[in-house]
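S.K.: Provided herewith: model.pdb, PDB, C-alpha atoms, pLDDT in the B column.
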```pdb
ATOM      1  CA  MET A   1       8.505  -6.182   8.096  1.00 77.00           C
ATOM      2  CA  HIS A   2      11.697  -4.133   7.965  1.00 79.00           C
ATOM      3  CA  SER A   3      10.436  -2.280   4.891  1.00 86.00           C
ATOM      4  CA  SER A   4       7.099  -1.521   6.523  1.00 86.00           C
ATOM      5  CA  VAL A   5       8.782  -0.133   9.637  1.00 82.00           C
ATOM      6  CA  ASN A   6      11.160   2.034   7.597  1.00 83.00           C
ATOM      7  CA  ILE A   7       8.314   3.465   5.536  1.00 88.00           C
ATOM      8  CA  HIS A   8       6.350   4.386   8.648  1.00 85.00           C
ATOM      9  CA  ILE A   9       9.424   5.997  10.195  1.00 84.00           C
ATOM     10  CA  ALA A  10      10.016   8.092   7.072  1.00 85.00           C
ATOM     11  CA  LEU A  11       6.325   8.918   6.788  1.00 85.00           C
ATOM     12  CA  SER A  12       6.040  10.273  10.336  1.00 84.00           C
ATOM     13  CA  TYR A  13       9.562  11.509  10.954  1.00 85.00           C
ATOM     14  CA  TYR A  14       9.212  15.100  12.139  1.00 84.00           C
ATOM     15  CA  PRO A  15       6.935  15.517  15.184  1.00 85.00           C
ATOM     16  CA  PRO A  16       4.506  18.404  15.685  1.00 88.00           C
ATOM     17  CA  MET A  17       6.276  21.537  16.881  1.00 88.00           C
ATOM     18  CA  LYS A  18       4.730  24.771  18.036  1.00 84.00           C
ATOM     19  CA  GLY A  19       5.182  27.503  15.457  1.00 82.00           C
ATOM     20  CA  LYS A  20       6.472  25.081  12.784  1.00 85.00           C
ATOM     21  CA  ARG A  21       4.038  22.233  12.138  1.00 87.00           C
ATOM     22  CA  THR A  22       0.808  20.976  13.616  1.00 88.00           C
ATOM     23  CA  ASP A  23       1.161  17.344  12.564  1.00 90.00           C
ATOM     24  CA  TRP A  24       3.779  14.695  11.883  1.00 89.00           C
ATOM     25  CA  GLU A  25       5.582  15.260   8.593  1.00 89.00           C
ATOM     26  CA  PRO A  26       7.531  12.894   6.307  1.00 87.00           C
ATOM     27  CA  ASN A  27      11.236  12.781   5.610  1.00 88.00           C
ATOM     28  CA  ALA A  28      11.736  12.070   1.902  1.00 91.00           C
ATOM     29  CA  ARG A  29      15.493  11.876   2.343  1.00 91.00           C
ATOM     30  CA  ARG A  30      15.145   9.145   4.965  1.00 88.00           C
ATOM     31  CA  PHE A  31      12.923   7.145   2.614  1.00 88.00           C
ATOM     32  CA  LYS A  32      15.372   7.591  -0.264  1.00 91.00           C
ATOM     33  CA  GLU A  33      18.286   6.390   1.851  1.00 90.00           C
ATOM     34  CA  SER A  34      16.374   3.255   2.808  1.00 88.00           C
ATOM     35  CA  PHE A  35      15.014   2.252  -0.594  1.00 90.00           C
ATOM     36  CA  GLU A  36      16.982   3.858  -3.409  1.00 90.00           C
ATOM     37  CA  GLY A  37      18.832   1.116  -5.243  1.00 91.00           C
ATOM     38  CA  HIS A  38      16.951  -1.588  -3.323  1.00 91.00           C
ATOM     39  CA  PRO A  39      13.786  -2.403  -5.303  1.00 90.00           C
ATOM     40  CA  GLU A  40      13.705  -5.852  -3.697  1.00 92.00           C
ATOM     41  CA  ARG A  41      12.746  -4.271  -0.377  1.00 89.00           C
ATOM     42  CA  LEU A  42       9.475  -2.957  -1.775  1.00 90.00           C
ATOM     43  CA  MET A  43       8.934  -6.206  -3.680  1.00 90.00           C
ATOM     44  CA  ASN A  44       9.296  -8.126  -0.417  1.00 88.00           C
ATOM     45  CA  LEU A  45       6.771  -5.807   1.212  1.00 90.00           C
ATOM     46  CA  HIS A  46       4.214  -6.479  -1.527  1.00 88.00           C
ATOM     47  CA  PHE A  47       4.875 -10.218  -1.405  1.00 86.00           C
ATOM     48  CA  GLY A  48       4.461 -10.267   2.369  1.00 88.00           C
ATOM     49  CA  PHE A  49       1.189  -8.382   2.057  1.00 89.00           C
ATOM     50  CA  VAL A  50      -0.094 -11.002  -0.389  1.00 85.00           C
ATOM     51  CA  VAL A  51       0.749 -13.698   2.168  1.00 87.00           C
ATOM     52  CA  LEU A  52      -1.202 -11.843   4.870  1.00 91.00           C
ATOM     53  CA  LEU A  53      -4.240 -11.340   2.624  1.00 88.00           C
ATOM     54  CA  ARG A  54      -4.141 -14.961   1.500  1.00 88.00           C
ATOM     55  CA  ALA A  55      -4.242 -16.058   5.134  1.00 90.00           C
ATOM     56  CA  LEU A  56      -7.214 -13.783   5.832  1.00 90.00           C
ATOM     57  CA  SER A  57      -8.997 -15.064   2.747  1.00 88.00           C
ATOM     58  CA  ARG A  58      -8.417 -18.698   3.696  1.00 89.00           C
ATOM     59  CA  ALA A  59      -9.581 -18.169   7.275  1.00 91.00           C
ATOM     60  CA  LYS A  60     -12.537 -15.951   6.337  1.00 90.00           C
ATOM     61  CA  PRO A  61     -15.296 -18.611   6.590  1.00 88.00           C
ATOM     62  CA  TYR A  62     -14.406 -19.265  10.236  1.00 90.00           C
ATOM     63  CA  LEU A  63     -13.239 -15.806  11.301  1.00 88.00           C
ATOM     64  CA  SER A  64     -16.718 -14.427  10.698  1.00 83.00           C
ATOM     65  CA  GLU A  65     -17.868 -16.402  13.749  1.00 83.00           C
ATOM     66  CA  TYR A  66     -14.896 -15.561  15.962  1.00 86.00           C
ATOM     67  CA  PRO A  67     -16.034 -14.303  19.422  1.00 84.00           C
ATOM     68  CA  LEU A  68     -14.942 -10.671  19.715  1.00 81.00           C
ATOM     69  CA  ALA A  69     -17.090  -9.558  22.659  1.00 79.00           C
ATOM     70  CA  MET A  70     -15.278  -7.717  25.464  1.00 77.00           C
ATOM     71  CA  ALA A  71     -18.257  -6.820  27.719  1.00 76.00           C
ATOM     72  CA  ASN A  72     -18.605  -3.306  26.285  1.00 83.00           C
ATOM     73  CA  LYS A  73     -21.664  -3.340  24.042  1.00 83.00           C
ATOM     74  CA  THR A  74     -20.807  -0.127  22.208  1.00 87.00           C
ATOM     75  CA  GLU A  75     -17.214  -1.100  21.494  1.00 86.00           C
ATOM     76  CA  ASP A  76     -18.178  -4.695  20.743  1.00 83.00           C
ATOM     77  CA  ALA A  77     -20.688  -3.577  18.117  1.00 86.00           C
ATOM     78  CA  ARG A  78     -18.157  -1.257  16.484  1.00 88.00           C
ATOM     79  CA  THR A  79     -15.435  -3.914  16.548  1.00 87.00           C
ATOM     80  CA  GLN A  80     -17.760  -6.464  14.964  1.00 86.00           C
ATOM     81  CA  GLN A  81     -18.765  -3.953  12.290  1.00 88.00           C
ATOM     82  CA  LEU A  82     -15.168  -3.074  11.413  1.00 89.00           C
ATOM     83  CA  PHE A  83     -14.097  -6.713  11.432  1.00 88.00           C
ATOM     84  CA  ARG A  84     -16.973  -7.648   9.146  1.00 88.00           C
ATOM     85  CA  ARG A  85     -16.001  -4.797   6.815  1.00 87.00           C
ATOM     86  CA  LEU A  86     -12.467  -6.189   6.648  1.00 87.00           C
ATOM     87  CA  LEU A  87     -13.625  -9.720   5.869  1.00 86.00           C
ATOM     88  CA  ASP A  88     -16.077  -8.441   3.246  1.00 86.00           C
ATOM     89  CA  SER A  89     -13.460  -6.208   1.656  1.00 82.00           C
ATOM     90  CA  ASP A  90     -13.323  -6.352  -2.134  1.00 76.00           C
ATOM     91  CA  ALA A  91      -9.567  -6.866  -1.857  1.00 70.00           C
ATOM     92  CA  LEU A  92     -10.040 -10.418  -0.602  1.00 73.00           C
ATOM     93  CA  ASP A  93     -12.111 -11.232  -3.698  1.00 70.00           C
ATOM     94  CA  THR A  94     -10.753  -9.049  -6.499  1.00 70.00           C
ATOM     95  CA  CYS A  95      -7.149  -9.787  -5.517  1.00 68.00           C
ATOM     96  CA  GLY A  96      -7.756 -13.532  -5.519  1.00 65.00           C
ATOM     97  CA  PRO A  97      -5.630 -14.176  -8.644  1.00 65.00           C
ATOM     98  CA  LEU A  98      -2.681 -12.409  -6.997  1.00 65.00           C
ATOM     99  CA  PHE A  99      -2.716 -14.847  -4.092  1.00 62.00           C
ATOM    100  CA  SER A 100      -1.088 -17.400  -6.391  1.00 61.00           C
ATOM    101  CA  ALA A 101       2.148 -15.471  -5.799  1.00 59.00           C
ATOM    102  CA  PHE A 102       2.318 -17.574  -2.641  1.00 59.00           C
ATOM    103  CA  ASP A 103       0.770 -21.018  -2.913  1.00 62.00           C
ATOM    104  CA  GLU A 104       1.483 -23.006   0.225  1.00 62.00           C
ATOM    105  CA  THR A 105       0.205 -26.220  -1.389  1.00 60.00           C
ATOM    106  CA  LEU A 106       3.208 -26.245  -3.727  1.00 60.00           C
ATOM    107  CA  LEU A 107       5.413 -26.823  -0.691  1.00 54.00           C
ATOM    108  CA  PHE A 108       3.937 -30.276  -0.230  1.00 50.00           C
ATOM    109  CA  LYS A 109       3.684 -31.659  -3.755  1.00 52.00           C
ATOM    110  CA  ASN A 110       5.040 -35.160  -4.129  1.00 49.00           C
ATOM    111  CA  ASP A 111       5.867 -36.876  -7.405  1.00 43.00           C
ATOM    112  CA  GLN A 112       6.542 -40.377  -6.138  1.00 42.00           C
ATOM    113  CA  VAL A 113       5.734 -43.191  -8.516  1.00 39.00           C
ATOM    114  CA  GLY A 114       3.893 -46.340  -7.492  1.00 41.00           C
ATOM    115  CA  THR A 115       0.448 -47.827  -7.161  1.00 40.00           C
ATOM    116  CA  HIS A 116      -2.372 -45.444  -6.360  1.00 43.00           C
ATOM    117  CA  ASP A 117      -2.780 -46.654  -2.758  1.00 45.00           C
ATOM    118  CA  THR A 118       0.937 -46.796  -2.081  1.00 40.00           C
ATOM    119  CA  ARG A 119       1.495 -43.401  -3.663  1.00 46.00           C
ATOM    120  CA  SER A 120      -1.296 -41.834  -1.602  1.00 43.00           C
ATOM    121  CA  TRP A 121       0.037 -43.368   1.601  1.00 34.00           C
ATOM    122  CA  HIS A 122       3.592 -42.218   0.936  1.00 39.00           C
ATOM    123  CA  ARG A 123       2.374 -38.798  -0.114  1.00 46.00           C
ATOM    124  CA  GLY A 124       0.478 -38.437   3.164  1.00 45.00           C
ATOM    125  CA  LEU A 125       3.576 -39.298   5.158  1.00 40.00           C
ATOM    126  CA  ALA A 126       5.703 -36.938   3.073  1.00 49.00           C
ATOM    127  CA  VAL A 127       3.282 -34.046   3.486  1.00 51.00           C
ATOM    128  CA  ASP A 128       3.050 -34.561   7.242  1.00 57.00           C
ATOM    129  CA  GLY A 129       6.827 -34.746   7.518  1.00 63.00           C
ATOM    130  CA  ARG A 130       7.398 -31.647   5.428  1.00 67.00           C
ATOM    131  CA  LEU A 131       4.736 -29.726   7.320  1.00 63.00           C
ATOM    132  CA  VAL A 132       6.294 -30.532  10.691  1.00 68.00           C
ATOM    133  CA  SER A 133       9.768 -29.715   9.378  1.00 73.00           C
ATOM    134  CA  LEU A 134       8.618 -26.431   7.839  1.00 68.00           C
ATOM    135  CA  LYS A 135       6.844 -25.346  11.014  1.00 68.00           C
ATOM    136  CA  GLN A 136       9.963 -26.114  13.042  1.00 75.00           C
ATOM    137  CA  GLN A 137      12.086 -24.057  10.642  1.00 76.00           C
ATOM    138  CA  PHE A 138       9.711 -21.109  10.863  1.00 68.00           C
ATOM    139  CA  LYS A 139       9.659 -21.300  14.667  1.00 72.00           C
ATOM    140  CA  SER A 140      13.450 -21.301  14.751  1.00 77.00           C
ATOM    141  CA  VAL A 141      13.646 -18.274  12.448  1.00 75.00           C
ATOM    142  CA  PHE A 142      11.028 -16.374  14.441  1.00 67.00           C
ATOM    143  CA  ARG A 143      12.807 -17.114  17.714  1.00 77.00           C
ATOM    144  CA  ASN A 144      16.060 -15.768  16.286  1.00 79.00           C
ATOM    145  CA  ILE A 145      14.380 -12.601  15.013  1.00 77.00           C
ATOM    146  CA  SER A 146      12.627 -12.156  18.351  1.00 78.00           C
ATOM    147  CA  ARG A 147      15.974 -12.345  20.163  1.00 82.00           C
ATOM    148  CA  ILE A 148      17.351  -9.647  17.874  1.00 82.00           C
ATOM    149  CA  VAL A 149      14.314  -7.456  18.541  1.00 80.00           C
ATOM    150  CA  ASP A 150      14.891  -7.874  22.282  1.00 80.00           C
ATOM    151  CA  CYS A 151      18.157  -5.978  21.831  1.00 82.00           C
ATOM    152  CA  VAL A 152      16.380  -2.893  20.470  1.00 77.00           C
ATOM    153  CA  SER A 153      16.433  -0.074  23.016  1.00 79.00           C
ATOM    154  CA  CYS A 154      13.350   1.734  21.682  1.00 76.00           C
ATOM    155  CA  GLN A 155      10.384   0.227  23.530  1.00 79.00           C
ATOM    156  CA  LYS A 156       7.828   1.387  20.952  1.00 73.00           C
ATOM    157  CA  CYS A 157       9.905  -0.089  18.136  1.00 75.00           C
ATOM    158  CA  LYS A 158      10.188  -3.340  20.060  1.00 81.00           C
ATOM    159  CA  LEU A 159       6.431  -3.447  20.668  1.00 82.00           C
ATOM    160  CA  HIS A 160       5.547  -2.893  17.005  1.00 80.00           C
ATOM    161  CA  ALA A 161       8.147  -5.410  15.839  1.00 84.00           C
ATOM    162  CA  LYS A 162       6.896  -8.093  18.237  1.00 86.00           C
ATOM    163  CA  LEU A 163       3.302  -7.412  17.225  1.00 88.00           C
ATOM    164  CA  GLN A 164       4.079  -7.740  13.521  1.00 89.00           C
ATOM    165  CA  LEU A 165       6.147 -10.869  14.107  1.00 89.00           C
ATOM    166  CA  LEU A 166       3.139 -12.417  15.818  1.00 91.00           C
ATOM    167  CA  GLY A 167       0.911 -11.264  12.953  1.00 92.00           C
ATOM    168  CA  ILE A 168       3.143 -12.893  10.341  1.00 91.00           C
ATOM    169  CA  GLY A 169       3.396 -16.036  12.443  1.00 90.00           C
ATOM    170  CA  THR A 170      -0.396 -16.200  12.725  1.00 92.00           C
ATOM    171  CA  ALA A 171      -0.764 -15.874   8.953  1.00 92.00           C
ATOM    172  CA  LEU A 172       1.669 -18.739   8.417  1.00 89.00           C
ATOM    173  CA  LYS A 173      -0.146 -20.841  11.012  1.00 89.00           C
ATOM    174  CA  VAL A 174      -3.337 -20.454   8.976  1.00 91.00           C
ATOM    175  CA  LEU A 175      -1.655 -21.121   5.641  1.00 88.00           C
ATOM    176  CA  LEU A 176       0.254 -24.177   6.837  1.00 85.00           C
ATOM    177  CA  SER A 177      -2.790 -25.818   8.406  1.00 85.00           C
ATOM    178  CA  PRO A 178      -4.004 -28.792   6.345  1.00 82.00           C
ATOM    179  CA  GLU A 179      -7.432 -28.416   4.770  1.00 79.00           C
ATOM    180  CA  GLY A 180      -8.983 -30.861   7.201  1.00 83.00           C
ATOM    181  CA  GLY A 181      -7.595 -29.011  10.209  1.00 86.00           C
ATOM    182  CA  LEU A 182      -8.130 -25.434   9.049  1.00 89.00           C
ATOM    183  CA  GLU A 183     -11.371 -24.810  10.925  1.00 91.00           C
ATOM    184  CA  ARG A 184      -9.884 -26.091  14.166  1.00 91.00           C
ATOM    185  CA  ALA A 185      -6.742 -23.996  13.673  1.00 91.00           C
ATOM    186  CA  VAL A 186      -8.680 -20.775  13.019  1.00 91.00           C
ATOM    187  CA  ARG A 187     -11.155 -21.280  15.838  1.00 91.00           C
ATOM    188  CA  GLY A 188      -8.224 -22.057  18.109  1.00 92.00           C
ATOM    189  CA  LEU A 189      -6.451 -18.767  17.435  1.00 92.00           C
ATOM    190  CA  LYS A 190      -5.875 -16.696  20.541  1.00 92.00           C
ATOM    191  CA  ARG A 191      -7.312 -13.198  20.619  1.00 90.00           C
ATOM    192  CA  GLY A 192      -3.798 -11.737  20.660  1.00 91.00           C
ATOM    193  CA  GLU A 193      -2.913 -13.647  17.489  1.00 93.00           C
ATOM    194  CA  LEU A 194      -5.963 -12.337  15.661  1.00 93.00           C
ATOM    195  CA  VAL A 195      -5.308  -8.775  16.854  1.00 91.00           C
ATOM    196  CA  ALA A 196      -1.703  -9.057  15.674  1.00 93.00           C
ATOM    197  CA  LEU A 197      -2.758 -10.388  12.257  1.00 94.00           C
ATOM    198  CA  VAL A 198      -5.274  -7.587  11.668  1.00 93.00           C
ATOM    199  CA  ASN A 199      -2.844  -4.953  12.958  1.00 93.00           C
ATOM    200  CA  THR A 200      -0.073  -6.225  10.681  1.00 93.00           C
ATOM    201  CA  VAL A 201      -2.379  -6.190   7.658  1.00 93.00           C
ATOM    202  CA  ALA A 202      -3.292  -2.585   8.488  1.00 92.00           C
ATOM    203  CA  ARG A 203       0.317  -1.463   8.961  1.00 91.00           C
ATOM    204  CA  TRP A 204       1.529  -3.074   5.755  1.00 92.00           C
ATOM    205  CA  SER A 205      -1.461  -1.746   3.842  1.00 90.00           C
ATOM    206  CA  ASP A 206      -0.685   1.779   5.063  1.00 91.00           C
ATOM    207  CA  ALA A 207       2.969   1.355   4.094  1.00 90.00           C
ATOM    208  CA  ILE A 208       2.096   0.233   0.563  1.00 90.00           C
ATOM    209  CA  GLY A 209      -0.463   3.017   0.225  1.00 89.00           C
ATOM    210  CA  ALA A 210       2.133   5.586   1.280  1.00 88.00           C
ATOM    211  CA  VAL A 211       4.567   4.680  -1.495  1.00 85.00           C
ATOM    212  CA  GLY A 212       1.853   4.270  -4.138  1.00 70.00           C
TER     213      GLY A 212
END
```
Mind turning this structure into structure tokens?

M.R.:
Amino acid sequence: MHSSVNIHIALSYYPPMKGKRTDWEPNARRFKESFEGHPERLMNLHFGFVVLLRALSRAKPYLSEYPLAMANKTEDARTQQLFRRLLDSDALDTCGPLFSAFDETLLFKNDQVGTHDTRSWHRGLAVDGRLVSLKQQFKSVFRNISRIVDCVSCQKCKLHAKLQLLGIGTALKVLLSPEGGLERAVRGLKRGELVALVNTVARWSDAIGAVG
């Protein structure tokens, strides 16, 4: 998230100014200061983007039926069209092999030895326990980051940070939902969570596209 924000800041650094420029212009020096000597920052951005796309791909079968209507027929039709275009994007299919960079199922593998029934029973308990523990850890981390963001004086920066935090949290909610509870989890997403997820995907996609 930090990398995405820094890229957008560098990309639109100088505002339009009468007699000088008609549009926002980038600041290459600002970008260099943020990323030179820190390749891991761009690697983290790409990894995070894979996580977001994996969540979209996993939720796709149920998101296609998500109610988007807002009582404005023109806007509703356009929103539905754009949302469908996102879900039908080639990236969610052609980039499938890359999603293995983050495989949430590996978090819950259990190698206990025993009879088949006993092993299955223990494995179920272990998975449930790990899932609850992992969700609690993520919530704690997100709360801490949110408190830090609250200290930011720039209201626009705070808004974008909170929105992307919610987007990342929504992606993790989808990915950490067990297979049997995935449909319920996706259909139970609040509109704000879905908006945040789509917005975060767009912002990170733009950031990656800007650096090539």

S.K.: Quick check on the file I pasted: which residues fall under the PyMOL selection byres ((chain A and resi 42-55) around 6)? Write them as a list of chain:residue names.

M.R.: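 Taken on the displayed file, the PyMOL selection byres ((chain A and resi 42-55) around 6) yields the residues A:Pro39, A:Glu40, A:Arg41, A:Leu56, A:Ser57, A:Arg58, A:Phe99, A:Ala171, A:Val174, A:Leu175.
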
S.K.: Take the residues from that selection and write them out as a short mmCIF file (atom, residue, chain, number, x, y, z; two decimals), in the coordinates of the input, keeping C-alpha atoms.

M.R.:
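The result, stored in again-v7.cif:
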```
data_model
loop_
_atom_site.label_atom_id
_atom_site.label_comp_id
_atom_site.auth_asym_id
_atom_site.auth_seq_id
_atom_site.Cartn_x
_atom_site.Cartn_y
_atom_site.Cartn_z
CA PRO A 39 13.79 -2.40 -5.30
CA GLU A 40 13.70 -5.85 -3.70
CA ARG A 41 12.75 -4.27 -0.38
CA LEU A 56 -7.21 -13.78 5.83
CA SER A 57 -9.00 -15.06 2.75
CA ARG A 58 -8.42 -18.70 3.70
CA PHE A 99 -2.72 -14.85 -4.09
CA ALA A 171 -0.76 -15.87 8.95
CA VAL A 174 -3.34 -20.45 8.98
CA LEU A 175 -1.66 -21.12 5.64
#
```

S.K.: State, in Å with one decimal place, the distance from CA of Lys139 in chain A to CA of Ala161 in chain A.

M.R.: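 Taking CA of Lys139 in chain A as the start and CA of Ala161 in chain A as the end point, the length is 16.0 Å.
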
S.K.: Could you tell me, as number ranges by chain, exactly which residues end up selected when the PyMOL selection byres ((chain A and resi 5) around 10) is applied to this structure?

M.R.: A: 1-4, 6-11, 157, 160-161, 164, 203-204, 207

S.K.: Generate the output file for the selected residues, C-alpha atoms, as a PDB file, in the coordinates of the input.

M.R.:
```pdb
ATOM      1  CA  MET A   1       8.505  -6.182   8.096  1.00 77.00           C
ATOM      2  CA  HIS A   2      11.697  -4.133   7.965  1.00 79.00           C
ATOM      3  CA  SER A   3      10.436  -2.280   4.891  1.00 86.00           C
ATOM      4  CA  SER A   4       7.099  -1.521   6.523  1.00 86.00           C
ATOM      5  CA  ASN A   6      11.160   2.034   7.597  1.00 83.00           C
ATOM      6  CA  ILE A   7       8.314   3.465   5.536  1.00 88.00           C
ATOM      7  CA  HIS A   8       6.350   4.386   8.648  1.00 85.00           C
ATOM      8  CA  ILE A   9       9.424   5.997  10.195  1.00 84.00           C
ATOM      9  CA  ALA A  10      10.016   8.092   7.072  1.00 85.00           C
ATOM     10  CA  LEU A  11       6.325   8.918   6.788  1.00 85.00           C
ATOM     11  CA  CYS A 157       9.905  -0.089  18.136  1.00 75.00           C
ATOM     12  CA  HIS A 160       5.547  -2.893  17.005  1.00 80.00           C
ATOM     13  CA  ALA A 161       8.147  -5.410  15.839  1.00 84.00           C
ATOM     14  CA  GLN A 164       4.079  -7.740  13.521  1.00 89.00           C
ATOM     15  CA  ARG A 203       0.317  -1.463   8.961  1.00 91.00           C
ATOM     16  CA  TRP A 204       1.529  -3.074   5.755  1.00 92.00           C
ATOM     17  CA  ALA A 207       2.969   1.355   4.094  1.00 90.00           C
TER      18      ALA A 207
END
```

S.K.: Between A:Asn72, A:Leu86, A:Lys190, A:Leu172, which is the closest to Gln137 in chain A once you count all atoms listed in the file?

M.R.: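 Among the listed residues, the smallest separation from Gln137 in chain A belongs to A:Leu172.
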
S.K.: What is the distance, in Å and to one decimal place, between CA of Ala210 in chain A and CA of Phe31 in chain A?

M.R.: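 Computing the Euclidean distance for CA of Ala210 in chain A and CA of Phe31 in chain A yields 11.0 Å.
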
S.K.: Go through the shown structure with the PyMOL selection byres ((chain A and resi 62) around 10) and write out the matching residues as an MDAnalysis selection string.

M.R.: chainID A and resid 58:61 63:66 182:187

S.K.: One decimal, in Å: what's the spacing between CA of Ile145 in chain A and CA of Gly37 in chain A?

M.R.: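 Computed distance, CA of Ile145 in chain A to CA of Gly37 in chain A, equals 24.9 Å.
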
S.K.: Would you kindly identify which residues have an atom no farther than 10 Å from (-4.1, -9.8, 12.7), using only C-alpha atoms and the file's own coordinates, and write them out as a PyMOL selection string?

M.R.: chain A and resi 52+55-56+163-164+166-171+191-202
